[in-house]
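Here the structure is laid out as structure tokens; the discussion comes afterwards.
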Amino acid sequence: MDIRELGPGDDPGALLDLSVRAFGPIARADRPRWQDITSAAMGAGQYLGAYERGQLAAAARYHDMIQWWHGRPLPMAGVANVMVAPEERGRGTGRALMRALLGLISDRGYPISVLYPATLALYRSLGWEIAGGMGQLTIPSRALRSLAAPDPAVPRDDPPGPEPRLRRCGPADAPRVLAVLGRVHQALRDCGPNTRDESATARWLGDEHRFAYLAPGGFLAYRWQHGNEELLVERAVASSPATTRAIWGMVASHSSIAQTVRASAGPADPVQWLTTDPDVRLSSRKAWMLRVVDAAAAVAGRGFPAGIELTTVLRLADPDRPAHDGWWTLDVGGSKGTLTPAGPAAAGLASAGTTPLAHGPLAPGRHTSAAPLALGPRGFAALYAGTPLATLRRAGLAAGGDPSGDAALDAAFGADPFLLEFF
């Protein structure tokens, strides 16, 4: 089997045929947009194709993205369009393709990768693990007509003044949209949401069926569904109480037409605390998986809660990323983290139950763990995304360490990650 990068000289029609056979038909009206997006990805070298006897047997791509982790941006490769021809399934084609794509993502310098799985076994075998979800709230539009008033006993965070105005935006506003989204995710210390590059964001904003609005501290994007019966809110993000109310007030202005609002929302989206109707509910949740591609860069690029101070030793094993194999010292402090090779001496000291650290006097409140924690790629990915160590131990994804170390690591990595878009 020949696996290679697809480029501008390759026929997108072969990808279209493979996509239809793997996923089902693409509406004729949607094909020009599909071809534009696919051609752009091929031109950027983001597609791999697997050929058997000269025929395209499988393909996969990645999106160039930024993912926010505790308010810090980290380059992320969003894997998508993993497709295998029906006649090639069950022969190891998909696994070989995904291993090659993992290598490509690594070579391109991405610390982490995320995907939405159609199957778990394949991706788990290569080190991806469940990390978070994309949730959708179903809201009766009547519930937004009168938002709950602020608690009068609580001082206002917003300075007095007029309510923020939202202005309609389009493709030319892509840099401003990305800047606002970045400020909001940073201010809220979000874990999980992604943003794309300017060209992809401009294409997204240019969809004639999408309506987008921008404020200095927030962004709203929505589409109509089922004629005008439903409003699909794809983004409703804001960093202040006033902007939050302005955004949901605009959504509420459609309540005389749309009966239902479906909104992509994180688990702590404030709309759930603003509505007065008990019928607001989480109607769906798509799980997504994360893979740590460069462990040291992933830890260095991630944000951590202020006030957490720890030093511990990890024993990592990773068959598909041999550079991860070995002993590592994890340090967290000052809202930042580092992961550095601990060396052979650390292995001997850790095995003897002695703290294999040489950082001098420890700061007050810093936790040190003498017992090393052993993790494979799946366990490390899940820990990175905030899965409690008690869960990882019961799932067979972590061993060793000690209970006090578990508490410190849970506090450092603790998160409830979410995405707001499907790719």
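Each chain of the structure tokens is named A, B, ... in the order shown, its residues numbered from 1; ligands are numbered from 1 in display order.
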Exercise for the section: List the neighbours of stretch 337-344 of chain A out to 6 Å using only C-alpha atoms; skip same-chain residues closer than 4 positions along the sequence, and give me the result as a PyMOL selection string. Expected result: chain A and resi 296+299-300+327-332
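Every protein or nucleic acid residue with an atom no more than 10 Å from A:Arg72, counting only C-alpha atoms and leaving out same-chain residues fewer than 6 positions away, appears here: Ile66, Gly182, His185, Gln186, Ala187, Arg189, Asp190, Cys191, Gly301, Arg302, Gly303, Phe304 and Lys336 of chain A.
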Exercise for the section: Write out as a VMD selection string each polymer residue whose atoms come within 12 Å of A:Pro150, counting only C-alpha atoms; drop sequence neighbours fewer than 3 positions from it. Expected result: chain A and resid 147 153 to 158 241 to 242 245 270 273 to 275
Handout entry: Contacts of A:Arg91 within 12 Å, only C-alpha atoms, excl. fewer than 6 positions in-chain, as a count of residues only
Key = 7
Practice task
Report as a PyMOL selection string: the residues of stretch 164-245 of chain A with a DSSP assignment of strand (DSSP E), based on the backbone of this structure.
Solution key: chain A and resi 167-169+194-196+211-215+218-225+230-238
Kindly export the residues of the current selection with N, CA and C atoms, as a short mmCIF file (atom, residue, chain, number, x, y, z; two decimals), in the first residue's frame.
data_model
loop_
_atom_site.label_atom_id
_atom_site.label_comp_id
_atom_site.auth_asym_id
_atom_site.auth_seq_id
_atom_site.Cartn_x
_atom_site.Cartn_y
_atom_site.Cartn_z
N ARG A 167 -22.83 44.22 16.14
CA ARG A 167 -22.89 44.61 14.73
C ARG A 167 -22.69 43.37 13.88
N ARG A 168 -23.37 43.35 12.74
CA ARG A 168 -23.24 42.21 11.84
C ARG A 168 -21.82 42.18 11.26
N CYS A 169 -21.28 40.99 11.09
CA CYS A 169 -19.94 40.87 10.55
C CYS A 169 -19.91 39.81 9.46
N ASN A 194 -12.05 25.53 20.18
CA ASN A 194 -11.05 25.73 19.14
C ASN A 194 -11.35 26.96 18.31
N THR A 195 -10.33 27.49 17.69
CA THR A 195 -10.48 28.51 16.66
C THR A 195 -9.65 28.06 15.46
N ARG A 196 -9.99 28.59 14.28
CA ARG A 196 -9.30 28.23 13.05
C ARG A 196 -8.46 29.40 12.57
N PHE A 211 -25.48 33.75 10.01
CA PHE A 211 -25.58 35.16 10.40
C PHE A 211 -24.74 35.37 11.64
N ALA A 212 -23.79 36.32 11.56
CA ALA A 212 -22.82 36.49 12.63
C ALA A 212 -22.81 37.95 13.10
N TYR A 213 -22.60 38.12 14.41
CA TYR A 213 -22.60 39.44 15.04
C TYR A 213 -21.45 39.52 16.03
N LEU A 214 -20.88 40.72 16.11
CA LEU A 214 -19.67 40.91 16.89
C LEU A 214 -19.82 42.09 17.84
N ALA A 215 -19.28 41.94 19.03
CA ALA A 215 -19.18 43.02 20.01
C ALA A 215 -17.76 42.99 20.55
N GLY A 218 -17.68 39.84 22.76
CA GLY A 218 -18.50 38.66 22.49
C GLY A 218 -18.76 38.45 21.02
N PHE A 219 -19.30 37.27 20.70
CA PHE A 219 -19.56 36.89 19.31
C PHE A 219 -20.76 35.96 19.27
N LEU A 220 -21.62 36.15 18.26
CA LEU A 220 -22.80 35.33 18.06
C LEU A 220 -22.87 34.88 16.61
N ALA A 221 -23.15 33.61 16.38
CA ALA A 221 -23.38 33.09 15.02
C ALA A 221 -24.52 32.09 15.08
N TYR A 222 -25.45 32.17 14.11
CA TYR A 222 -26.58 31.25 14.11
C TYR A 222 -27.04 30.98 12.69
N ARG A 223 -27.86 29.94 12.55
CA ARG A 223 -28.48 29.55 11.29
C ARG A 223 -29.93 29.16 11.58
N TRP A 224 -30.76 29.27 10.55
CA TRP A 224 -32.12 28.76 10.63
C TRP A 224 -32.13 27.28 10.26
N GLN A 225 -33.03 26.52 10.89
CA GLN A 225 -33.20 25.11 10.58
C GLN A 225 -34.67 24.78 10.39
N GLU A 230 -36.69 26.41 13.79
CA GLU A 230 -35.62 26.32 14.78
C GLU A 230 -34.49 27.28 14.44
N LEU A 231 -33.85 27.75 15.49
CA LEU A 231 -32.65 28.57 15.34
C LEU A 231 -31.49 27.76 15.93
N LEU A 232 -30.46 27.54 15.12
CA LEU A 232 -29.28 26.82 15.59
C LEU A 232 -28.21 27.86 15.93
N VAL A 233 -27.92 28.00 17.21
CA VAL A 233 -26.89 28.93 17.67
C VAL A 233 -25.56 28.17 17.71
N GLU A 234 -24.67 28.54 16.79
CA GLU A 234 -23.39 27.84 16.68
C GLU A 234 -22.34 28.42 17.61
N ARG A 235 -22.41 29.71 17.89
CA ARG A 235 -21.53 30.36 18.86
C ARG A 235 -22.32 31.42 19.60
N ALA A 236 -22.17 31.44 20.90
CA ALA A 236 -22.71 32.53 21.72
C ALA A 236 -21.75 32.67 22.88
N VAL A 237 -20.68 33.42 22.67
CA VAL A 237 -19.63 33.54 23.68
C VAL A 237 -19.48 34.99 24.08
N ALA A 238 -19.29 35.21 25.35
CA ALA A 238 -19.15 36.57 25.88
C ALA A 238 -18.39 36.51 27.19
#
Handout entry: Polymer residues at most 12 Å from A:Ala390, only C-alpha atoms, same-chain spacing of 2 or more positions, as a PyMOL selection string
Key = chain A and resi 379+382-383+386-388+392-407+409-410
Give me a file of those residues, with N, CA and C atoms, as a short mmCIF file (atom, residue, chain, number, x, y, z; two decimals), in the first residue's frame.
data_model
loop_
_atom_site.label_atom_id
_atom_site.label_comp_id
_atom_site.auth_asym_id
_atom_site.auth_seq_id
_atom_site.Cartn_x
_atom_site.Cartn_y
_atom_site.Cartn_z
N GLY A 379 -3.85 7.15 28.79
CA GLY A 379 -3.96 7.69 30.14
C GLY A 379 -3.42 9.10 30.23
N ALA A 382 -5.95 11.50 28.63
CA ALA A 382 -7.11 11.71 29.49
C ALA A 382 -6.75 12.57 30.70
N LEU A 383 -5.58 12.33 31.32
CA LEU A 383 -5.14 13.17 32.43
C LEU A 383 -4.98 14.61 31.97
N GLY A 386 -8.10 16.47 31.97
CA GLY A 386 -8.79 16.69 33.24
C GLY A 386 -9.54 15.50 33.79
N THR A 387 -9.38 14.30 33.22
CA THR A 387 -10.05 13.12 33.76
C THR A 387 -9.45 12.78 35.12
N PRO A 388 -10.25 12.60 36.17
CA PRO A 388 -9.71 12.30 37.50
C PRO A 388 -8.90 11.01 37.49
N LEU A 392 -9.10 7.04 35.89
CA LEU A 392 -8.07 6.41 35.08
C LEU A 392 -7.58 5.10 35.70
N ARG A 393 -7.47 5.08 37.01
CA ARG A 393 -7.03 3.85 37.67
C ARG A 393 -8.07 2.75 37.47
N ARG A 394 -9.33 3.07 37.66
CA ARG A 394 -10.37 2.05 37.52
C ARG A 394 -10.51 1.58 36.08
N ALA A 395 -10.13 2.43 35.12
CA ALA A 395 -10.19 2.04 33.71
C ALA A 395 -8.91 1.34 33.25
N GLY A 396 -7.95 1.18 34.15
CA GLY A 396 -6.70 0.53 33.78
C GLY A 396 -5.78 1.40 32.96
N LEU A 397 -5.90 2.72 33.10
CA LEU A 397 -5.10 3.65 32.30
C LEU A 397 -4.02 4.34 33.12
N ALA A 398 -3.91 4.04 34.41
CA ALA A 398 -2.89 4.65 35.27
C ALA A 398 -2.56 3.67 36.38
N ALA A 399 -1.29 3.71 36.83
CA ALA A 399 -0.85 2.85 37.93
C ALA A 399 0.28 3.55 38.66
N GLY A 400 0.54 3.11 39.90
CA GLY A 400 1.61 3.71 40.68
C GLY A 400 1.17 5.03 41.30
N GLY A 401 2.13 5.89 41.60
CA GLY A 401 1.81 7.15 42.24
C GLY A 401 1.36 6.95 43.67
N ASP A 402 0.71 7.96 44.22
CA ASP A 402 0.19 7.86 45.58
C ASP A 402 -1.05 8.74 45.71
N PRO A 403 -1.91 8.48 46.72
CA PRO A 403 -3.18 9.22 46.83
C PRO A 403 -3.00 10.74 46.92
N SER A 404 -1.99 11.20 47.67
CA SER A 404 -1.81 12.65 47.77
C SER A 404 -1.36 13.22 46.43
N GLY A 405 -0.57 12.41 45.68
CA GLY A 405 -0.19 12.86 44.34
C GLY A 405 -1.38 12.94 43.41
N ASP A 406 -2.32 11.99 43.55
CA ASP A 406 -3.54 12.03 42.73
C ASP A 406 -4.29 13.34 42.95
N ALA A 407 -4.44 13.73 44.20
CA ALA A 407 -5.19 14.95 44.50
C ALA A 407 -4.51 16.17 43.89
N LEU A 409 -2.43 16.24 41.23
CA LEU A 409 -2.54 16.18 39.77
C LEU A 409 -3.96 16.50 39.31
N ASP A 410 -4.97 16.01 40.04
CA ASP A 410 -6.35 16.33 39.69
C ASP A 410 -6.59 17.83 39.77
#
Handout entry: Selection: 10 Å around stretch 103-119 of chain A, only C-alpha atoms, excl. self and same-chain fewer than 2 positions, as a ChimeraX atom specification
Key = /A:5,45-48,61-67,74-82,97-101,121-124,128-131,133-134,192,286-301,320-321,381,422-423
Exercise for the section: Kindly indicate which residue among A:Gly249, A:Gly266, A:Gly376, A:Pro12 lies nearest to A:Ala143, using only C-alpha atoms for the distances. Expected result: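 Looking at the shortest contact to A:Ala143, the residue is A:Gly249.
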Exercise for the section: Work out how far apart atom CA of A:Ser283 and atom CA of A:Ala148 are and give it in Å to one decimal. Expected result: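 Taking atom CA of A:Ser283 and atom CA of A:Ala148, their separation equals 21.9 Å.
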Fill in the blank from the handout: As a check of understanding: the span from atom CA of A:Trp204 to atom CA of A:Gln35 is 14.5 Å
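Secondary structure of stretch 78-110 of chain A, alpha helix (DSSP H) only (DSSP, backbone atoms): Thr93, Gly94, Arg95, Ala96, Leu97, Met98, Arg99, Ala100, Leu101, Leu102, Gly103, Leu104, Ile105, Ser106 and Asp107 of chain A.
Here atom CA of A:Glu87 and atom CA of A:Gln55 stand 11.7 Å from one another.
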Please list as an mmCIF file with C-alpha atoms, in the first residue's frame every residue within 12 Å of stretch 137-139 of chain A, counting only C-alpha atoms and excluding residues in the same chain fewer than 5 positions away.
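part.cif, freshly written:
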data_model
loop_
_atom_site.group_PDB
_atom_site.id
_atom_site.type_symbol
_atom_site.label_atom_id
_atom_site.label_comp_id
_atom_site.auth_asym_id
_atom_site.auth_seq_id
_atom_site.Cartn_x
_atom_site.Cartn_y
_atom_site.Cartn_z
ATOM 1 C CA LEU A 144 -35.439 33.565 26.428
ATOM 2 C CA ARG A 145 -38.073 36.304 26.345
ATOM 3 C CA GLU A 230 -35.623 26.316 14.777
ATOM 4 C CA LEU A 231 -32.652 28.565 15.345
ATOM 5 C CA LEU A 232 -29.277 26.823 15.589
ATOM 6 C CA VAL A 233 -26.895 28.928 17.672
ATOM 7 C CA GLU A 234 -23.391 27.840 16.680
ATOM 8 C CA ALA A 236 -22.710 32.526 21.716
ATOM 9 C CA TRP A 248 -29.069 36.112 24.262
ATOM 10 C CA VAL A 251 -31.438 35.334 20.033
ATOM 11 C CA ALA A 252 -34.655 35.967 21.983
ATOM 12 C CA SER A 255 -38.855 33.950 19.563
ATOM 13 C CA ALA A 258 -38.650 30.167 15.882
ATOM 14 C CA GLN A 259 -40.264 27.771 18.340
ATOM 15 C CA THR A 260 -37.022 26.198 19.467
ATOM 16 C CA VAL A 261 -33.422 27.289 19.916
ATOM 17 C CA ARG A 262 -30.672 24.684 19.736
ATOM 18 C CA ALA A 263 -27.368 26.018 20.998
ATOM 19 C CA SER A 264 -23.833 24.642 21.040
ATOM 20 C CA ALA A 265 -22.784 25.383 24.590
ATOM 21 C CA GLY A 266 -20.212 24.453 27.176
ATOM 22 C CA PRO A 267 -21.251 22.710 30.401
ATOM 23 C CA ALA A 268 -21.130 25.986 32.351
ATOM 24 C CA ASP A 269 -22.693 28.281 29.753
ATOM 25 C CA PRO A 270 -24.514 31.033 31.701
ATOM 26 C CA VAL A 271 -27.693 30.742 29.603
ATOM 27 C CA GLN A 272 -28.613 27.832 31.876
ATOM 28 C CA LEU A 274 -30.375 33.021 32.964
ATOM 29 C CA THR A 275 -33.484 31.215 31.720
ATOM 30 C CA THR A 276 -36.603 30.874 33.820
ATOM 31 C CA ASP A 277 -37.993 27.788 32.083
ATOM 32 C CA PRO A 278 -37.219 24.318 33.512
ATOM 33 C CA ASP A 279 -37.506 22.798 29.996
ATOM 34 C CA VAL A 280 -34.011 23.940 29.019
ATOM 35 C CA ARG A 281 -32.063 20.696 28.655
ATOM 36 C CA LEU A 282 -28.937 19.105 27.286
ATOM 37 C CA SER A 283 -30.339 17.281 24.259
ATOM 38 C CA SER A 284 -27.186 15.788 22.758
ATOM 39 C CA ARG A 285 -23.509 15.347 23.459
ATOM 40 C CA LEU A 420 -18.425 24.183 20.121
#
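Each of A:Gly71, A:Gly326, A:Gly334, A:Pro216 was checked against A:Pro164 using only C-alpha atoms; the smallest atom-to-atom distance is that of A:Pro216.
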Practice task
Could you tell me which of A:Pro86, A:Pro193, A:Pro140, A:Pro377 comes closest to A:Arg21 if we count only C-alpha atoms?
Solution key: A:Pro86
